[in-house]
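A short worksheet on the structure shown next.
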Amino acid sequence: MMRRMSRFRQQALLAGCVLTALLTAAGLFVTDHGINPHLWLIVLALAFLVFLAILDPWVKRRHNAELSTDEHLDAACRALAIGLQAQWNDEVRSRGLTDPDVLDLHWTAAELDVSDEPDAPPGRSDAVVGAFERQINRRMVIVGEAGTGKTTVAMLLTCGLLDRYDGGMVPVLLPLSTWNPAVEDIRTWLTRRLYEDHPALRNTELYGSYAGDLLVEQHKVLPVLDGLDDIPAHQRADALARIAKAFPAKRPLVLTCRTAEYAQAVHLAGPMPGADVVELAPLDLDEVAAYLRASADSVGAARWEPVFIQLREEPDGRLADALSTPLTMWLASMVYADNEAEPTELLDRGRFPDARAISDHLCDELVSRAFGNRAFAHHAGATQVWPRDRARRWLEFLAHEMRDRGIRELAWWELRRSVGNTWLALLGALVLGAIGGFGVGWLMAYSITPSLAPITGLVAGIGVGAAALTASQERKAKPRLGIWRSLLLVPGVLGLAAGLVFGALYGLAAGLVVGLGLAVAVALRFALSSAAELSQASSPQWTMARDRIAVWTGSLVLAVVFGSAAALVFGPGQTGMVGLGLASGLMLGFALAVLHLRWWWFTVARIWLALRGKLPWELMVFLEDSRKLGVLCRAGACYQFRHGLVQDRLAEHEVTTRSATQVLRSPFSAKATSEQ
């Protein structure tokens with residue numbers, strides 16, 4: 001009931017703000033038809049304040065505890081579970097893990113002495129939820145070599161627990177590559193990631209204040225932490241110790257890591273208390289043959305027979321070693337899915353002397369087969385056929401940037417780091433300053449004082465640019481408390497103050513327009529500040545769409561504020577000045593609306609990198625198509641490469657290409673490369 005009310009309130013507030021802005025402009029356009037603009041604006045201002053009072057939950061003093069209550073947190077858990085269930089089930093389907101022929105991964109107790117618990121019984125990926133729930137402490141560490149399916153098992157476990165969710169802890173799967181244990185506590189990092197992937201947690205009306213913090217502190221989140229081995233080696237033991245301290249023996253936990261890296265961390269920091277450690281086993285060669293036959297047609301299956309013969313003759317050879325992991329077997333099925341390539345080329349010992357050479361070749365060919373192939377793109381549902389060479393170059397750039405930063409996730413709002421803070425701030429400030437300054441100068445050129453247009457535009461441009469430089473610094477969003485929750489008081493007070501100032505300087509009509517417009521703009525920020533739907537599955541497109549809506553809606557409203565007021569001040573009695581003021585105000589409104597939004601700084605970085613040929617113009621479309629083609633996958637609001645081995649291979653190619661062609665590096669890349 002509260003979720004429906006919150007969604008209705010946000011939608012009604014958004015519609016009311018836009019309608020009020022439009023009615024303000026409409027009243028000014030029809031002043032020649034006998035309508036008193038002062039009366040029109042006074043009635044409209046009073047009606048808007050009454051409208052805010054009706055919608056304002058703060059005035060009613062309901063659901064406004066300073067901290068989230070148990071009721072708030074229970075509601076957040078239920079909604080979060082629904083959203084995560086939709087998110088991960090969609091990802092499981094996109095990876096083909098629901099197909100009837102999907103491999104069933106096996107595990108046994110780890111051979112190394114890395115656990116303080118008795119040996120865990122053998123298990124299978126299709127029964128991972130039962131194995132986890134039978135464990136006394138519900139703590140599991142999944143180890144194995146690269147590509148053996150650790151992330152897949154963690155994902156299946158997360159989906160299974162979410163499908164069975166009926167209250168209690170919500171499983172949240174997160175990659176550890178974005179955590180720096182030397183800078184951030186693991187619980188602080190987990191809280192930050194919750195807010196980033198699920199911004200609706202800041203909806204204080206539904207979930208109270210600091211809901212994400214309290215979900216972590218009160219142990220209502222079950223951490224499924226993927227990839228301890230992605231943390232730098234010199235920090236890995238400390239990271240394991242911090243995780244064990246933050247989530248002691250009685251707290252459910254899931255952790256994945258490569259076998260050797262986990263053994264080394266345990267040697268320095270001790271085992272994870274109370275956790276079963278299971279190790280994923282290599283695939284049986286009969287399973288490999290059955291899977292590859294099932295993934296091909298009759299002709300394709302026949303082409304695999306010489307490879308199967310080699311596997312039977314050398315069960316411990318390089319080819320068997322390479323194809324014994326789910327990753328390389330899947331890569332092989334993708335690379336040799338059509339008749340353009342022969343799997344028998346893998347028998348060439350000169351080209352592929354060891355298992356690493358085979359896996360590198362398959363990673364390379366995955367990108368080559370995915371792009372530039374019209375039939376495959378159509379079958380995968382991609383929006384267009386991307387040029388193979390360019391697609392590889394773009395992916396290599398992204399992989400190199402991610403490797404330099406030591407991460408496995410590509411968050412669209414983090415693209416700004418590939419440009420560098422100084423360059424990004426200067427570029428963004430110059431563009432916004434030019435837009436805002438031109439808008440003001442254009443309006444002044446047709447006002448009662450056109451001689452002041454150049455200097456006024458320059459001053460306005462410098463002001464907007466300075467504001468953009470300040471806004472370019474990243475800030476952490478925090479929930480507002482107390483009076484800042486009020487839809488009525490904050491917009492009313494700020495609007496009244498601005499209206500009195502402008503009214504004293506330029507007359508009653510100008511004061512009413514500015515005051516009402518500022519009140520609408522502030523109220524609009526309430527409507528767009530947080531999403532009502534925590535149960536909405538998170539995705540890069542969804543999180544970006546929220547910022548874009550805020551940009552264009554805020555721009556239109558601010559266009560009315562600045563445009564209408566300027567038209568009244570500089571062109572009294574001239575209806576044409578209203579239109580010019582709205583057009584000029586739209587430019588200034590856009591410049592001010594985007595200052596603190598991640599979308600703007602992402603757009604600046606994207607355009608700059610596209611101009612240099614580093615990335616495509618339609619970056620988000622390219623990333624989503626890459627996901628459909630099997631090169632990328634999605635993890636909440638971020639993208640990942642299908643596997644770390646694919647990312648590492650592409651990053652190696654980028655280094656080779658840069659060295660060979662002597663391409664000018666970006667400031668961030670140059671700095672990162674010099675530090676290696």
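Residue numbering restarts at 1 in every chain; chains get A, B, ... in the order shown in the structure tokens, and ligands count up from 1 in that same order.
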
>> Please list as JSON, numbers by chain every residue within 9 Å of range 616-618 of chain A, counting only C-alpha atoms and excluding residues in the same chain fewer than 3 positions away.
In response: {"A": [390, 391, 394, 606, 607, 609, 610, 611, 613, 621, 622, 623]}

>> Just want the 10 Å neighbourhood of Pro122 in chain A, counted on only C-alpha atoms, with same-chain residues fewer than 3 positions away dropped. Output as a list of chain:residue names.
In response: A:His106, A:Trp107, A:Thr108, A:Ala109, A:Asp119, A:Ala131, A:Val278, A:Glu279, A:Leu280

> Which residues come within 10 Å of range 362-375 of chain A, counting only C-alpha atoms, excluding same-chain residues fewer than 4 positions away, as a PyMOL selection string?
Replying inline: chain A and resi 327-338+340-341+346+356-358+379-380+382+384-392+395+625-626+628-631+643+645-650+653

> Which neighbours of Asp276 in chain A fall inside 12 Å, counting only C-alpha atoms, when residues of the same chain fewer than 6 positions from it are skipped, and could you give them as a VMD selection string?
Replying inline: chain A and resid 107 to 110 113 to 123 131 to 143 249 252 to 256

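Here the question is which of A:Arg408, A:Val43, A:Leu52, A:Asp163 gets nearest to Val490 in chain A using only C-alpha atoms, and that residue is A:Leu52.
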
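Residues of range 613-653 of chain A that DSSP, applied to the backbone, places in helix (DSSP H, G or I): Leu619, Met620, Val621, Phe622, Leu623, Glu624, Asp625, Ser626, Arg627, Lys628, Gly644, Leu645, Val646, Gln647, Asp648, Arg649, Leu650, Ala651, Glu652 and His653 of chain A.
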
Please report, as a tab-separated table, each residue of range 368-455 of chain A lying at most 12 Å from range 216-230 of chain A, together with the nearest pair of atoms and the separation in Å rounded to one decimal; use only C-alpha atoms, and order rows by chain and ascending residue number.
residue	atom	partner	partner_atom	distance
A:Met402	CA	A:Asp230	CA	11.8
A:Arg403	CA	A:Asp230	CA	10.2
A:Arg405	CA	A:Asp230	CA	11.3
A:Gly406	CA	A:Asp230	CA	7.6
A:Ile407	CA	A:Asp230	CA	7.6
A:Arg408	CA	A:Asp230	CA	7.9
A:Glu409	CA	A:Asp230	CA	11.1

For all heavy atoms, I'd like the residues from the last selection saved as a PDB file, in the first residue's frame.
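Result file follows (out23.pdb):
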ATOM      1  N   MET A 402      39.940  -1.088 -17.558  1.00  0.00           N
ATOM      2  CA  MET A 402      39.472  -1.835 -16.389  1.00  0.00           C
ATOM      3  C   MET A 402      40.633  -2.534 -15.695  1.00  0.00           C
ATOM      4  O   MET A 402      40.694  -2.575 -14.461  1.00  0.00           O
ATOM      5  CB  MET A 402      38.393  -2.824 -16.813  1.00  0.00           C
ATOM      6  CG  MET A 402      37.103  -2.168 -17.296  1.00  0.00           C
ATOM      7  SD  MET A 402      35.979  -3.319 -18.123  1.00  0.00           S
ATOM      8  CE  MET A 402      35.511  -4.369 -16.733  1.00  0.00           C
ATOM      9  N   ARG A 403      41.554  -3.076 -16.476  1.00  0.00           N
ATOM     10  CA  ARG A 403      42.700  -3.744 -15.859  1.00  0.00           C
ATOM     11  C   ARG A 403      43.583  -2.749 -15.124  1.00  0.00           C
ATOM     12  O   ARG A 403      44.088  -3.028 -14.025  1.00  0.00           O
ATOM     13  CB  ARG A 403      43.525  -4.483 -16.918  1.00  0.00           C
ATOM     14  CG  ARG A 403      44.586  -5.385 -16.306  1.00  0.00           C
ATOM     15  CD  ARG A 403      45.412  -6.086 -17.331  1.00  0.00           C
ATOM     16  NE  ARG A 403      46.339  -5.181 -18.005  1.00  0.00           N
ATOM     17  CZ  ARG A 403      47.316  -5.598 -18.806  1.00  0.00           C
ATOM     18  NH1 ARG A 403      47.483  -6.887 -19.036  1.00  0.00           N
ATOM     19  NH2 ARG A 403      48.119  -4.721 -19.385  1.00  0.00           N
ATOM     20  N   ARG A 405      42.672  -0.139 -13.619  1.00  0.00           N
ATOM     21  CA  ARG A 405      41.999   0.230 -12.375  1.00  0.00           C
ATOM     22  C   ARG A 405      41.734  -0.971 -11.485  1.00  0.00           C
ATOM     23  O   ARG A 405      41.196  -0.823 -10.388  1.00  0.00           O
ATOM     24  CB  ARG A 405      40.685   0.943 -12.702  1.00  0.00           C
ATOM     25  CG  ARG A 405      40.905   2.379 -13.132  1.00  0.00           C
ATOM     26  CD  ARG A 405      39.824   2.969 -13.973  1.00  0.00           C
ATOM     27  NE  ARG A 405      38.474   2.660 -13.538  1.00  0.00           N
ATOM     28  CZ  ARG A 405      37.414   2.773 -14.331  1.00  0.00           C
ATOM     29  NH1 ARG A 405      37.560   3.162 -15.589  1.00  0.00           N
ATOM     30  NH2 ARG A 405      36.219   2.503 -13.876  1.00  0.00           N
ATOM     31  N   GLY A 406      42.088  -2.178 -11.959  1.00  0.00           N
ATOM     32  CA  GLY A 406      41.951  -3.378 -11.147  1.00  0.00           C
ATOM     33  C   GLY A 406      40.523  -3.773 -10.864  1.00  0.00           C
ATOM     34  O   GLY A 406      40.217  -4.252  -9.769  1.00  0.00           O
ATOM     35  N   ILE A 407      39.627  -3.601 -11.848  1.00  0.00           N
ATOM     36  CA  ILE A 407      38.216  -3.899 -11.635  1.00  0.00           C
ATOM     37  C   ILE A 407      37.727  -4.870 -12.695  1.00  0.00           C
ATOM     38  O   ILE A 407      38.335  -5.036 -13.758  1.00  0.00           O
ATOM     39  CB  ILE A 407      37.343  -2.629 -11.671  1.00  0.00           C
ATOM     40  CG1 ILE A 407      37.491  -1.909 -13.012  1.00  0.00           C
ATOM     41  CG2 ILE A 407      37.693  -1.706 -10.516  1.00  0.00           C
ATOM     42  CD1 ILE A 407      36.570  -0.724 -13.174  1.00  0.00           C
ATOM     43  N   ARG A 408      36.627  -5.541 -12.394  1.00  0.00           N
ATOM     44  CA  ARG A 408      35.977  -6.452 -13.328  1.00  0.00           C
ATOM     45  C   ARG A 408      34.605  -5.948 -13.759  1.00  0.00           C
ATOM     46  O   ARG A 408      33.939  -6.605 -14.554  1.00  0.00           O
ATOM     47  CB  ARG A 408      35.813  -7.835 -12.694  1.00  0.00           C
ATOM     48  CG  ARG A 408      37.113  -8.548 -12.382  1.00  0.00           C
ATOM     49  CD  ARG A 408      37.876  -8.918 -13.638  1.00  0.00           C
ATOM     50  NE  ARG A 408      39.022  -9.770 -13.369  1.00  0.00           N
ATOM     51  CZ  ARG A 408      39.925 -10.108 -14.279  1.00  0.00           C
ATOM     52  NH1 ARG A 408      39.812  -9.647 -15.520  1.00  0.00           N
ATOM     53  NH2 ARG A 408      40.948 -10.886 -13.973  1.00  0.00           N
ATOM     54  N   GLU A 409      34.184  -4.812 -13.255  1.00  0.00           N
ATOM     55  CA  GLU A 409      32.875  -4.270 -13.580  1.00  0.00           C
ATOM     56  C   GLU A 409      33.024  -2.959 -14.343  1.00  0.00           C
ATOM     57  O   GLU A 409      33.882  -2.134 -14.018  1.00  0.00           O
ATOM     58  CB  GLU A 409      32.063  -4.002 -12.309  1.00  0.00           C
ATOM     59  CG  GLU A 409      31.451  -5.237 -11.704  1.00  0.00           C
ATOM     60  CD  GLU A 409      30.456  -4.875 -10.622  1.00  0.00           C
ATOM     61  OE1 GLU A 409      30.743  -3.959  -9.847  1.00  0.00           O
ATOM     62  OE2 GLU A 409      29.399  -5.498 -10.547  1.00  0.00           O
TER      63      GLU A 409
END

For range 502-617 of chain A versus range 415-422 of chain A, which residues have an atom no more than 12 Å away, and what is each residue's nearest atom pair and distance in Å rounded to one decimal, using only C-alpha atoms, chain-then-number order, as a Markdown table?
| residue | atom | partner | partner_atom | distance |
| --- | --- | --- | --- | --- |
| A:Arg598 | CA | A:Arg416 | CA | 9.2 |
| A:Trp599 | CA | A:Arg416 | CA | 10.2 |
| A:Trp600 | CA | A:Arg416 | CA | 10.0 |
| A:Trp601 | CA | A:Arg416 | CA | 6.4 |
| A:Phe602 | CA | A:Arg416 | CA | 5.8 |
| A:Thr603 | CA | A:Arg416 | CA | 8.7 |
| A:Val604 | CA | A:Arg416 | CA | 7.9 |
| A:Ala605 | CA | A:Arg416 | CA | 5.3 |
| A:Arg606 | CA | A:Leu415 | CA | 7.4 |
| A:Ile607 | CA | A:Val419 | CA | 10.5 |
| A:Trp608 | CA | A:Val419 | CA | 7.9 |
| A:Leu609 | CA | A:Val419 | CA | 7.6 |
| A:Ala610 | CA | A:Val419 | CA | 11.3 |
| A:Arg612 | CA | A:Val419 | CA | 11.1 |
| A:Lys614 | CA | A:Ser418 | CA | 10.3 |
| A:Leu615 | CA | A:Leu415 | CA | 10.8 |

Give me, as CSV, each residue of range 164-240 of chain A that comes within 12 Å of range 506-526 of chain A, together with its shortest interatomic pair and the distance in Å at one decimal, counting only C-alpha atoms, with rows ordered by chain and rising residue number.
residue,atom,partner,partner_atom,distance
A:Arg202,CA,A:Phe526,CA,11.4
A:Asn203,CA,A:Phe526,CA,10.0
A:Thr204,CA,A:Phe526,CA,11.0
A:Glu205,CA,A:Phe526,CA,11.2

>> I'd like the interatomic distance between CA of Ile309 in chain A and CA of Leu292 in chain A, to a tenth of an Å.
In response: 13.5 Å
